[in-house]
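What follows is a set of notes on a single structure, which appears directly below.
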Amino acid sequence: GSLYKNILLFSVPLIFSQLLQVLFNMADVAVVGKFSSATALGSVGSTSTLVYLFTSFLIGLGNGVNVRVAKYLGAGRDNETRKCIHTSFILCTAMGFIITVLCLLLAAPMLGLLKTKSDLLPGAVLYFRIYALGMPALGIFNFGNAVLSAAGDTKRPLAYLTIAGVLNVILNLFFVIVCNMAADGVALASIISQYVSAALVVIHMMHLKDSCHFDFKVLRLDSLETRRILGIGIPAGVQYAIFSIANLFIQVGINSFDSVVVSGNSAAVNVDNVVYNVMAAFYTACSTFMSQNWGAGKHNRMIKSYYISLGFAFVSAAVLSAAFWLNASSFLSLFTNDAGVVDAGLKRLQIMCLSFPISAFMDCTISACRGIGRSLVPTVVVILGS
């Protein structure tokens, strides 16, 4: 059928899924900024780069799962699909637990290296440690999302994230307003929501009747599939993480200013998360369509999928950048009542809006390379650029 139509229909539910994941953290920032204090807002915001560093690695690992499953489905290789799915579950869950342990042990040293303000540090450490307990759930959900997306089902993960997102907002308000909690309350709300979304996606996969069926009884690591998944997933995770590491240096600079500037940056960074995640839906479509057509031997549709996904990503970034530029003050006011914080955030927002559309040319090309199993060269390019 029409690649324009199919890629768009595939991507739209993914866009909302990506945005709902962003809303987990955005709701945390908005609730503490509006109903707690500027200090709590700065504490949560001070962890955003670290949170993105580790969650991005899990998303990258999920991309490796998506590419392998999509290729097997396109080629009609059911046995390899099953092996890949059950191996992937173990890898994604294990990586989530490893990240949790690292974050619990290194929260204070990492935030200290970022020169987090002394008045923000206790709340930031507490938020980050609690949030880290949800990493295994995030790994499991990204696994399920990757498998279902590879099979063309982007609506089911959206439904589960919608349920979890509504729960997250309700729990945020409950813990902060009713229980008088601050950063710890919004972190607790986030991890409860993440485990709910992870449970829903796994339960759904256990009821599937096709090659994407999941069964705890047959869980085992297949050595060949492990190498194949990690061969794509680890470079993809590193690519995402490299950007976050580069942003750590920026965060150190931001933290050298006063708490008002730190809080303003915390509010404005939500624009990055919204725009990049909308674009990321088209990147997932690019790698999925290329992988399936690669497996099916339809090489002409592979390159068309790349150009169409690139066009959609560029246009969506341009439209969103213009919208945020024109409504910058109103958007930032969602996160704070402090005019000084809004003014500080405005400076970052207006500069960043100029760069979003340009990034489509790099990121979509990286996804296309990942879709045909070639992650090494894009990883080197990203490292050099960062």
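Following the order of the structure tokens, chains are lettered A, B, ..., residues in each are numbered from 1, and ligands are numbered from 1.
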Residues within 10 Å of segment 241-251 of chain A, only C-alpha atoms, excluding chain neighbours under 4 positions, as JSON, numbers by chain: {"A": [46, 47, 48, 49, 50, 51, 52, 53, 54, 55, 56, 57, 58, 59, 60, 110, 111, 113, 114, 115, 116, 235, 236, 237, 255, 256, 262, 265, 379, 382, 383, 384, 385, 386]}
Close residues, Ile308 of chain A itself excluded, 12 Å, only C-alpha atoms, min 4 positions apart in chain, as a PyMOL selection string: chain A and resi 2-8+11+282-283+285-287+289-290+301-304+312-315+360-361+364-365+368
For Phe175 of chain A, find every residue with an atom within 9 Å (counting only C-alpha atoms), except residues of its own chain fewer than 6 positions away, and show them as an MDAnalysis selection string. chainID A and resid 181:182 184:186 188:189
For all heavy atoms, I'd like the residues from the last selection saved as a short mmCIF file (atom, residue, chain, number, x, y, z; two decimals), in the first residue's frame.
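Ended up saving to out_18.cif:
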data_model
loop_
_atom_site.label_atom_id
_atom_site.label_comp_id
_atom_site.auth_asym_id
_atom_site.auth_seq_id
_atom_site.Cartn_x
_atom_site.Cartn_y
_atom_site.Cartn_z
N MET A 181 3.81 15.78 50.24
CA MET A 181 5.13 15.36 49.78
C MET A 181 5.58 16.31 48.68
O MET A 181 4.80 17.11 48.16
CB MET A 181 5.06 13.92 49.26
CG MET A 181 4.60 12.91 50.31
SD MET A 181 4.26 11.25 49.63
CE MET A 181 5.93 10.64 49.37
N ALA A 182 6.86 16.24 48.31
CA ALA A 182 7.39 17.12 47.26
C ALA A 182 8.01 16.26 46.16
O ALA A 182 7.30 15.50 45.49
CB ALA A 182 8.41 18.09 47.84
N ASP A 184 9.81 13.62 46.34
CA ASP A 184 9.65 12.18 46.60
C ASP A 184 8.27 11.70 46.18
O ASP A 184 8.11 10.58 45.66
CB ASP A 184 9.90 11.86 48.07
CG ASP A 184 9.07 12.74 49.02
OD1 ASP A 184 8.54 13.78 48.56
OD2 ASP A 184 8.98 12.40 50.21
N GLY A 185 7.25 12.54 46.34
CA GLY A 185 5.89 12.14 45.98
C GLY A 185 5.70 11.95 44.49
O GLY A 185 5.10 10.98 44.04
N VAL A 186 6.25 12.89 43.69
CA VAL A 186 6.08 12.78 42.24
C VAL A 186 6.92 11.63 41.68
O VAL A 186 6.54 10.99 40.69
CB VAL A 186 6.41 14.11 41.52
CG1 VAL A 186 5.38 15.16 41.88
CG2 VAL A 186 7.81 14.60 41.84
N LEU A 188 7.50 8.79 43.30
CA LEU A 188 6.74 7.59 43.65
C LEU A 188 5.58 7.39 42.69
O LEU A 188 5.30 6.26 42.24
CB LEU A 188 6.23 7.71 45.09
CG LEU A 188 5.51 6.50 45.68
CD1 LEU A 188 6.42 5.28 45.68
CD2 LEU A 188 5.03 6.80 47.11
N ALA A 189 4.90 8.47 42.33
CA ALA A 189 3.79 8.39 41.37
C ALA A 189 4.27 7.87 40.02
O ALA A 189 3.61 7.05 39.37
CB ALA A 189 3.14 9.76 41.21
#
State, in Å with one decimal place, the distance from atom CA of His204 of chain A to atom CA of Ile229 of chain A. 22.6 Å
Taking 4 positions as the minimum chain separation for residues in the same chain, which residues sit within 10 Å of Leu354 of chain A when counting only C-alpha atoms? Answer as a compact mmCIF listing (two decimals) with N, CA, C and O atoms, in the first residue's frame.
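The file below, part-v8.txt, is the result:
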# COMPACT_ATOMS: atom_id res chain seq x y z
N ALA A 317 8.79 18.85 13.25
CA ALA A 317 9.67 19.66 14.09
C ALA A 317 9.51 21.15 13.78
O ALA A 317 9.50 21.99 14.70
N ALA A 318 9.40 21.48 12.51
CA ALA A 318 9.24 22.88 12.11
C ALA A 318 7.94 23.47 12.65
O ALA A 318 7.92 24.59 13.18
N SER A 321 8.17 23.74 16.53
CA SER A 321 9.09 24.82 16.92
C SER A 321 8.41 26.18 16.79
O SER A 321 8.53 27.04 17.67
N ALA A 322 7.70 26.39 15.69
CA ALA A 322 6.99 27.66 15.50
C ALA A 322 5.92 27.85 16.56
O ALA A 322 5.75 28.96 17.11
N TRP A 325 7.57 28.68 19.91
CA TRP A 325 8.15 30.03 19.85
C TRP A 325 7.07 31.09 20.07
O TRP A 325 7.27 32.04 20.82
N LEU A 349 14.42 28.34 25.51
CA LEU A 349 13.40 27.83 24.60
C LEU A 349 13.56 28.43 23.19
O LEU A 349 13.51 27.70 22.19
N GLN A 350 13.77 29.73 23.11
CA GLN A 350 13.79 30.39 21.80
C GLN A 350 15.01 29.97 20.98
O GLN A 350 14.93 29.83 19.76
N ILE A 358 16.58 20.78 12.04
CA ILE A 358 17.85 20.36 11.46
C ILE A 358 18.25 18.97 11.95
O ILE A 358 18.84 18.17 11.22
Taking 5 positions as the minimum chain separation for residues in the same chain, which residues sit within 12 Å of Val218 of chain A when counting only C-alpha atoms? Answer as a VMD selection string. chain A and resid 82 to 87 89 to 90 206 213
